[in-house]
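Single-structure report; data block below.
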Amino acid sequence: MYGDTSIQKPIEIAEPTSEEQARLEEIFQQKIDDNIKIEPQEWMPDAYRKTLVRQMSQHAHSEVIGMQPEGNWLSRAPSLRRKVILLAKIQDEGGHGLYIYSAAETLGTTRAKMIEQLQTGKAKYSSIFNYPALSWADMGTIGWLVDGAAITNQVALSRGSYGPYSRAMIRICKEESFHQRQGYELLLTLSRGSDEQKEMLQESVNRFWWPSLMMFGPNDADSPHSAQSMKWKIKKKSNDQLRQEFIDATVPQAEFLGITLPDPDLKWNEERGHYDYGQIDWEEFGNVINGNGPCNKQRVAAHLKAHEEGAWVREAAGAYAEKQQKKQVA
Amino acid sequence: MTEQAKEQEWPLWEVFIRSKAGLDHKHCGSVHASDSEMAMEAARDVYTRRSEGISIWVVPSNAITASKPEDKESLFEPADDKIYRHPTFYDIPKGAGKM
């Protein structure tokens, strides 16, 4: 998902080196089991801290990189109404990134280090943002499916064990609802439009459906080290559980839109009380995550370019602050 | 570390917001900024895009002295056995009226 790390090498959990440490670990786990949130300065196992830093920084990167596919369409929005909505949504994504960077910094990492890891490719971000936004309908589909999948994941994360992350998620979930609804409304408008517009809608959903399902990460059987994250309540629900929740909520919405979802195996299973769905192309997922998606290079290059071109602004602001400080002292 | 990471980070500021008149300022997160004026603008953009506040405080993070988690017991436990500090500790007969 946005911050899913189940495809990455797990962070090694060291055996306690002393009785004292074993005692601290026991107290820590007891707090987690009792649903007491963990707050910044408290003792926590090294691996818990590292797992969170990795997950949160990658979650923040996803929000920030997620501004790019939508930014491409700002100058081509069909009306002022749609343009201000899109602007507000993109500003939110930037804000969401900042909430999570801010929460991650409480664990002792720095903003500069996180950004460096994004720009050097050491840190990942959600695979979904390596797909291009090719039509105006994509602005609706991203809101409906991509933000819809994000909400499913983030509602679960908001109940996680680390206080600052959980609080950031609560704030984000409130705002994401606007993202999903504006997207669905955009698609509804297209669904009532000309044949060409209806076609554009269907074509966009065809492209985004499977990548949206991939956002939840590998099947549970293929993410064995999720168990530790579940024990620490960094993760509250498994990848497959969340994916199923998302599909069950989304299929009726697709029917209402009058479109088809590109999966011939998708059908209601009365016995399970859930929709069955087809096989996900994990090879594609692996390729995109490992840098070979349609837009990977472009996304990181655009981030780097903006960062470098803004260097003089940061320098100037720093110099100004220093000058003001000297004036005050004098 | 690369050149970018070596670039000095702006100081961190903690952000507190009063959501409406009559309520306390409440901590909501942090921002990086070169000075207090920029911190205020960043805090406004990041934390009040939907009328979440009517007043903002920004405080340099390093100006805050926080109690340590390991001092929790010595600081806060002494209050636990002083139940006589709460009004519910006292039985007042109904006949005495509202109190």
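By convention here, the chains of the structure tokens are called A, B, ... in the order presented, each chain's residues are numbered starting at 1, and ligands are numbered starting at 1 in the order presented.
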
Per residue of chain A within 6 Å of chain B, note the shortest atom pair and the distance in Å to one decimal, counting only C-alpha atoms, and order the rows by chain and increasing residue number, as a Markdown table.
| residue | atom | partner | partner_atom | distance |
| --- | --- | --- | --- | --- |
| A:Glu42 | CA | B:Pro69 | CA | 5.7 |
| A:Gly95 | CA | B:Val46 | CA | 5.3 |
| A:Ser102 | CA | B:Ser30 | CA | 5.8 |
| A:Ala112 | CA | B:Ala5 | CA | 5.1 |
| A:Lys113 | CA | B:Ala5 | CA | 5.9 |
| A:Gly318 | CA | B:Ser34 | CA | 5.6 |
| A:Ala321 | CA | B:Asp35 | CA | 5.8 |

Self-check item: Picked from chain B by DSSP as strand (DSSP E), as a list in words
Solution: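 Written out, the strand (DSSP E) residues of chain B are Leu12, Trp13, Glu14, Val15, Phe16, Ile17, Arg18, His25, Lys26, His27, Cys28, Gly29, Ser30, Val31, His32, Ser55, Ile56, Trp57, Val58, Val59 and Pro60 of chain B.
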
Just to be explicit: take each residue in the selection above, keep N, CA, C and O atoms, and write the result as a PDB file, in the first residue's frame.
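Ended up saving to selection_37.pdb:
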ATOM      1  N   LEU B  12      13.139  23.223  13.322  1.00  0.00           N
ATOM      2  CA  LEU B  12      11.810  22.631  13.463  1.00  0.00           C
ATOM      3  C   LEU B  12      10.977  23.484  14.422  1.00  0.00           C
ATOM      4  O   LEU B  12      11.498  23.955  15.444  1.00  0.00           O
ATOM      5  N   TRP B  13       9.721  23.695  14.078  1.00  0.00           N
ATOM      6  CA  TRP B  13       8.802  24.470  14.915  1.00  0.00           C
ATOM      7  C   TRP B  13       7.593  23.602  15.245  1.00  0.00           C
ATOM      8  O   TRP B  13       7.057  22.940  14.357  1.00  0.00           O
ATOM      9  N   GLU B  14       7.173  23.630  16.501  1.00  0.00           N
ATOM     10  CA  GLU B  14       5.957  22.894  16.874  1.00  0.00           C
ATOM     11  C   GLU B  14       4.759  23.820  16.674  1.00  0.00           C
ATOM     12  O   GLU B  14       4.833  25.020  16.948  1.00  0.00           O
ATOM     13  N   VAL B  15       3.677  23.255  16.176  1.00  0.00           N
ATOM     14  CA  VAL B  15       2.501  24.056  15.838  1.00  0.00           C
ATOM     15  C   VAL B  15       1.342  23.745  16.792  1.00  0.00           C
ATOM     16  O   VAL B  15       1.007  22.587  17.022  1.00  0.00           O
ATOM     17  N   PHE B  16       0.748  24.803  17.347  1.00  0.00           N
ATOM     18  CA  PHE B  16      -0.402  24.674  18.249  1.00  0.00           C
ATOM     19  C   PHE B  16      -1.552  25.494  17.670  1.00  0.00           C
ATOM     20  O   PHE B  16      -1.349  26.635  17.263  1.00  0.00           O
ATOM     21  N   ILE B  17      -2.737  24.925  17.662  1.00  0.00           N
ATOM     22  CA  ILE B  17      -3.871  25.622  17.042  1.00  0.00           C
ATOM     23  C   ILE B  17      -5.060  25.733  17.988  1.00  0.00           C
ATOM     24  O   ILE B  17      -5.422  24.761  18.663  1.00  0.00           O
ATOM     25  N   ARG B  18      -5.631  26.925  18.035  1.00  0.00           N
ATOM     26  CA  ARG B  18      -6.898  27.120  18.755  1.00  0.00           C
ATOM     27  C   ARG B  18      -7.998  26.950  17.715  1.00  0.00           C
ATOM     28  O   ARG B  18      -8.088  27.721  16.757  1.00  0.00           O
ATOM     29  N   HIS B  25      -5.282  26.221  22.861  1.00  0.00           N
ATOM     30  CA  HIS B  25      -4.440  25.837  21.731  1.00  0.00           C
ATOM     31  C   HIS B  25      -4.048  24.380  21.930  1.00  0.00           C
ATOM     32  O   HIS B  25      -3.776  23.961  23.057  1.00  0.00           O
ATOM     33  N   LYS B  26      -4.002  23.625  20.845  1.00  0.00           N
ATOM     34  CA  LYS B  26      -3.697  22.199  20.955  1.00  0.00           C
ATOM     35  C   LYS B  26      -2.596  21.858  19.959  1.00  0.00           C
ATOM     36  O   LYS B  26      -2.624  22.322  18.822  1.00  0.00           O
ATOM     37  N   HIS B  27      -1.649  21.035  20.403  1.00  0.00           N
ATOM     38  CA  HIS B  27      -0.542  20.659  19.520  1.00  0.00           C
ATOM     39  C   HIS B  27      -1.067  19.854  18.339  1.00  0.00           C
ATOM     40  O   HIS B  27      -1.908  18.987  18.502  1.00  0.00           O
ATOM     41  N   CYS B  28      -0.585  20.158  17.114  1.00  0.00           N
ATOM     42  CA  CYS B  28      -1.074  19.365  15.985  1.00  0.00           C
ATOM     43  C   CYS B  28       0.032  18.855  15.069  1.00  0.00           C
ATOM     44  O   CYS B  28      -0.232  18.052  14.188  1.00  0.00           O
ATOM     45  N   GLY B  29       1.281  19.284  15.265  1.00  0.00           N
ATOM     46  CA  GLY B  29       2.335  18.778  14.393  1.00  0.00           C
ATOM     47  C   GLY B  29       3.493  19.750  14.359  1.00  0.00           C
ATOM     48  O   GLY B  29       3.644  20.580  15.265  1.00  0.00           O
ATOM     49  N   SER B  30       4.309  19.655  13.315  1.00  0.00           N
ATOM     50  CA  SER B  30       5.468  20.537  13.241  1.00  0.00           C
ATOM     51  C   SER B  30       5.719  20.952  11.801  1.00  0.00           C
ATOM     52  O   SER B  30       5.189  20.345  10.865  1.00  0.00           O
ATOM     53  N   VAL B  31       6.517  21.989  11.641  1.00  0.00           N
ATOM     54  CA  VAL B  31       6.945  22.429  10.303  1.00  0.00           C
ATOM     55  C   VAL B  31       8.417  22.841  10.378  1.00  0.00           C
ATOM     56  O   VAL B  31       8.918  23.172  11.448  1.00  0.00           O
ATOM     57  N   HIS B  32       9.087  22.806   9.239  1.00  0.00           N
ATOM     58  CA  HIS B  32      10.432  23.361   9.154  1.00  0.00           C
ATOM     59  C   HIS B  32      10.328  24.759   8.572  1.00  0.00           C
ATOM     60  O   HIS B  32       9.593  24.971   7.602  1.00  0.00           O
ATOM     61  N   SER B  55      -6.469  30.697  15.557  1.00  0.00           N
ATOM     62  CA  SER B  55      -5.242  31.253  16.130  1.00  0.00           C
ATOM     63  C   SER B  55      -4.159  30.167  16.120  1.00  0.00           C
ATOM     64  O   SER B  55      -4.446  28.998  16.346  1.00  0.00           O
ATOM     65  N   ILE B  56      -2.925  30.598  15.793  1.00  0.00           N
ATOM     66  CA  ILE B  56      -1.816  29.640  15.717  1.00  0.00           C
ATOM     67  C   ILE B  56      -0.672  30.093  16.608  1.00  0.00           C
ATOM     68  O   ILE B  56      -0.352  31.288  16.660  1.00  0.00           O
ATOM     69  N   TRP B  57      -0.052  29.146  17.310  1.00  0.00           N
ATOM     70  CA  TRP B  57       1.233  29.397  17.961  1.00  0.00           C
ATOM     71  C   TRP B  57       2.279  28.558  17.245  1.00  0.00           C
ATOM     72  O   TRP B  57       2.050  27.376  16.975  1.00  0.00           O
ATOM     73  N   VAL B  58       3.429  29.133  16.947  1.00  0.00           N
ATOM     74  CA  VAL B  58       4.562  28.313  16.511  1.00  0.00           C
ATOM     75  C   VAL B  58       5.691  28.523  17.519  1.00  0.00           C
ATOM     76  O   VAL B  58       5.983  29.653  17.909  1.00  0.00           O
ATOM     77  N   VAL B  59       6.284  27.436  17.953  1.00  0.00           N
ATOM     78  CA  VAL B  59       7.315  27.472  18.995  1.00  0.00           C
ATOM     79  C   VAL B  59       8.524  26.674  18.516  1.00  0.00           C
ATOM     80  O   VAL B  59       8.343  25.553  18.039  1.00  0.00           O
ATOM     81  N   PRO B  60       9.736  27.252  18.614  1.00  0.00           N
ATOM     82  CA  PRO B  60      10.910  26.447  18.226  1.00  0.00           C
ATOM     83  C   PRO B  60      10.940  25.148  19.039  1.00  0.00           C
ATOM     84  O   PRO B  60      10.833  25.190  20.261  1.00  0.00           O
TER      85      PRO B  60
END

If you count only C-alpha atoms, which residues fall within 9 Å of A:Tyr165, apart from same-chain ones fewer than 4 positions away, as a PDB file with all heavy atoms, in the first residue's frame?
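Result file around.pdb:
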ATOM      1  N   LEU A  52       8.832   1.450  11.402  1.00  0.00           N
ATOM      2  CA  LEU A  52       7.949   2.604  11.292  1.00  0.00           C
ATOM      3  C   LEU A  52       8.562   3.705  10.433  1.00  0.00           C
ATOM      4  O   LEU A  52       7.890   4.289   9.590  1.00  0.00           O
ATOM      5  CB  LEU A  52       7.650   3.165  12.676  1.00  0.00           C
ATOM      6  CG  LEU A  52       6.406   2.651  13.373  1.00  0.00           C
ATOM      7  CD1 LEU A  52       6.341   3.238  14.769  1.00  0.00           C
ATOM      8  CD2 LEU A  52       5.136   3.003  12.607  1.00  0.00           C
ATOM      9  N   MET A  56       6.611   4.904   7.273  1.00  0.00           N
ATOM     10  CA  MET A  56       6.074   6.268   7.270  1.00  0.00           C
ATOM     11  C   MET A  56       6.740   7.130   6.204  1.00  0.00           C
ATOM     12  O   MET A  56       6.085   7.921   5.534  1.00  0.00           O
ATOM     13  CB  MET A  56       6.235   6.900   8.657  1.00  0.00           C
ATOM     14  CG  MET A  56       5.311   6.268   9.684  1.00  0.00           C
ATOM     15  SD  MET A  56       5.785   6.654  11.372  1.00  0.00           S
ATOM     16  CE  MET A  56       5.241   8.348  11.497  1.00  0.00           C
ATOM     17  N   TYR A  99       2.340  16.038   6.923  1.00  0.00           N
ATOM     18  CA  TYR A  99       1.889  15.487   8.217  1.00  0.00           C
ATOM     19  C   TYR A  99       2.732  14.252   8.562  1.00  0.00           C
ATOM     20  O   TYR A  99       3.138  14.055   9.699  1.00  0.00           O
ATOM     21  CB  TYR A  99       0.439  14.980   8.188  1.00  0.00           C
ATOM     22  CG  TYR A  99      -0.655  15.953   7.833  1.00  0.00           C
ATOM     23  CD1 TYR A  99      -1.887  15.473   7.375  1.00  0.00           C
ATOM     24  CD2 TYR A  99      -0.502  17.317   7.988  1.00  0.00           C
ATOM     25  CE1 TYR A  99      -2.919  16.327   7.050  1.00  0.00           C
ATOM     26  CE2 TYR A  99      -1.539  18.183   7.658  1.00  0.00           C
ATOM     27  CZ  TYR A  99      -2.748  17.674   7.190  1.00  0.00           C
ATOM     28  OH  TYR A  99      -3.782  18.510   6.863  1.00  0.00           O
ATOM     29  N   ILE A 100       2.934  13.412   7.544  1.00  0.00           N
ATOM     30  CA  ILE A 100       3.601  12.131   7.832  1.00  0.00           C
ATOM     31  C   ILE A 100       5.112  12.320   8.007  1.00  0.00           C
ATOM     32  O   ILE A 100       5.712  11.683   8.866  1.00  0.00           O
ATOM     33  CB  ILE A 100       3.289  11.081   6.739  1.00  0.00           C
ATOM     34  CG1 ILE A 100       1.777  10.995   6.508  1.00  0.00           C
ATOM     35  CG2 ILE A 100       3.802   9.706   7.172  1.00  0.00           C
ATOM     36  CD1 ILE A 100       1.393  10.171   5.305  1.00  0.00           C
ATOM     37  N   ALA A 103       5.464  13.443  11.473  1.00  0.00           N
ATOM     38  CA  ALA A 103       5.295  12.336  12.427  1.00  0.00           C
ATOM     39  C   ALA A 103       6.530  11.430  12.417  1.00  0.00           C
ATOM     40  O   ALA A 103       6.976  10.961  13.465  1.00  0.00           O
ATOM     41  CB  ALA A 103       4.037  11.536  12.096  1.00  0.00           C
ATOM     42  N   ALA A 104       7.106  11.204  11.237  1.00  0.00           N
ATOM     43  CA  ALA A 104       8.283  10.323  11.137  1.00  0.00           C
ATOM     44  C   ALA A 104       9.484  10.945  11.850  1.00  0.00           C
ATOM     45  O   ALA A 104      10.303  10.245  12.444  1.00  0.00           O
ATOM     46  CB  ALA A 104       8.619  10.042   9.680  1.00  0.00           C
ATOM     47  N   LEU A 157      -4.789   2.012   9.306  1.00  0.00           N
ATOM     48  CA  LEU A 157      -3.561   2.565   9.898  1.00  0.00           C
ATOM     49  C   LEU A 157      -3.854   3.560  11.025  1.00  0.00           C
ATOM     50  O   LEU A 157      -3.048   3.729  11.932  1.00  0.00           O
ATOM     51  CB  LEU A 157      -2.722   3.266   8.824  1.00  0.00           C
ATOM     52  CG  LEU A 157      -2.015   2.370   7.809  1.00  0.00           C
ATOM     53  CD1 LEU A 157      -1.307   3.228   6.761  1.00  0.00           C
ATOM     54  CD2 LEU A 157      -1.009   1.452   8.496  1.00  0.00           C
ATOM     55  N   SER A 158      -5.016   4.208  10.948  1.00  0.00           N
ATOM     56  CA  SER A 158      -5.333   5.209  11.971  1.00  0.00           C
ATOM     57  C   SER A 158      -5.536   4.545  13.337  1.00  0.00           C
ATOM     58  O   SER A 158      -5.544   5.215  14.357  1.00  0.00           O
ATOM     59  CB  SER A 158      -6.572   6.020  11.577  1.00  0.00           C
ATOM     60  OG  SER A 158      -7.722   5.220  11.709  1.00  0.00           O
ATOM     61  N   GLY A 160      -3.444   2.251  14.360  1.00  0.00           N
ATOM     62  CA  GLY A 160      -2.127   1.678  14.640  1.00  0.00           C
ATOM     63  C   GLY A 160      -1.578   2.109  15.993  1.00  0.00           C
ATOM     64  O   GLY A 160      -2.126   2.997  16.651  1.00  0.00           O
ATOM     65  N   SER A 161      -0.451   1.504  16.371  1.00  0.00           N
ATOM     66  CA  SER A 161       0.045   1.665  17.745  1.00  0.00           C
ATOM     67  C   SER A 161       0.878   2.924  17.961  1.00  0.00           C
ATOM     68  O   SER A 161       1.037   3.356  19.094  1.00  0.00           O
ATOM     69  CB  SER A 161       0.870   0.441  18.147  1.00  0.00           C
ATOM     70  OG  SER A 161       1.987   0.299  17.275  1.00  0.00           O
ATOM     71  N   MET A 169      -2.969   9.934  10.460  1.00  0.00           N
ATOM     72  CA  MET A 169      -3.911   9.169   9.628  1.00  0.00           C
ATOM     73  C   MET A 169      -5.342   9.630   9.828  1.00  0.00           C
ATOM     74  O   MET A 169      -6.127   9.693   8.892  1.00  0.00           O
ATOM     75  CB  MET A 169      -3.811   7.674   9.957  1.00  0.00           C
ATOM     76  CG  MET A 169      -2.605   6.981   9.389  1.00  0.00           C
ATOM     77  SD  MET A 169      -2.482   7.183   7.616  1.00  0.00           S
ATOM     78  CE  MET A 169      -1.041   8.196   7.546  1.00  0.00           C
ATOM     79  N   ILE A 170      -5.692   9.950  11.062  1.00  0.00           N
ATOM     80  CA  ILE A 170      -7.063  10.403  11.339  1.00  0.00           C
ATOM     81  C   ILE A 170      -7.335  11.692  10.569  1.00  0.00           C
ATOM     82  O   ILE A 170      -8.355  11.852   9.898  1.00  0.00           O
ATOM     83  CB  ILE A 170      -7.268  10.608  12.859  1.00  0.00           C
ATOM     84  CG1 ILE A 170      -7.235   9.244  13.561  1.00  0.00           C
ATOM     85  CG2 ILE A 170      -8.575  11.341  13.142  1.00  0.00           C
ATOM     86  CD1 ILE A 170      -7.168   9.306  15.069  1.00  0.00           C
TER      87      ILE A 170
END

Exercise. Identify which of the residues A:Val84, A:Leu213, A:Leu107, A:Ala306 lies closest to A:Asp147, counting only C-alpha atoms when measuring atom-to-atom distances.
Key: A:Leu213

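Put simply, atom CA of A:Gln8 is 11.2 Å away from atom CA of A:Lys122.
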
Practice problem: Show which residues sit within 12 Å of B:Ala21, as a ChimeraX atom specification. Count only C-alpha atoms, and ignore same-chain residues fewer than 5 positions away. | Solution: /B:52-55
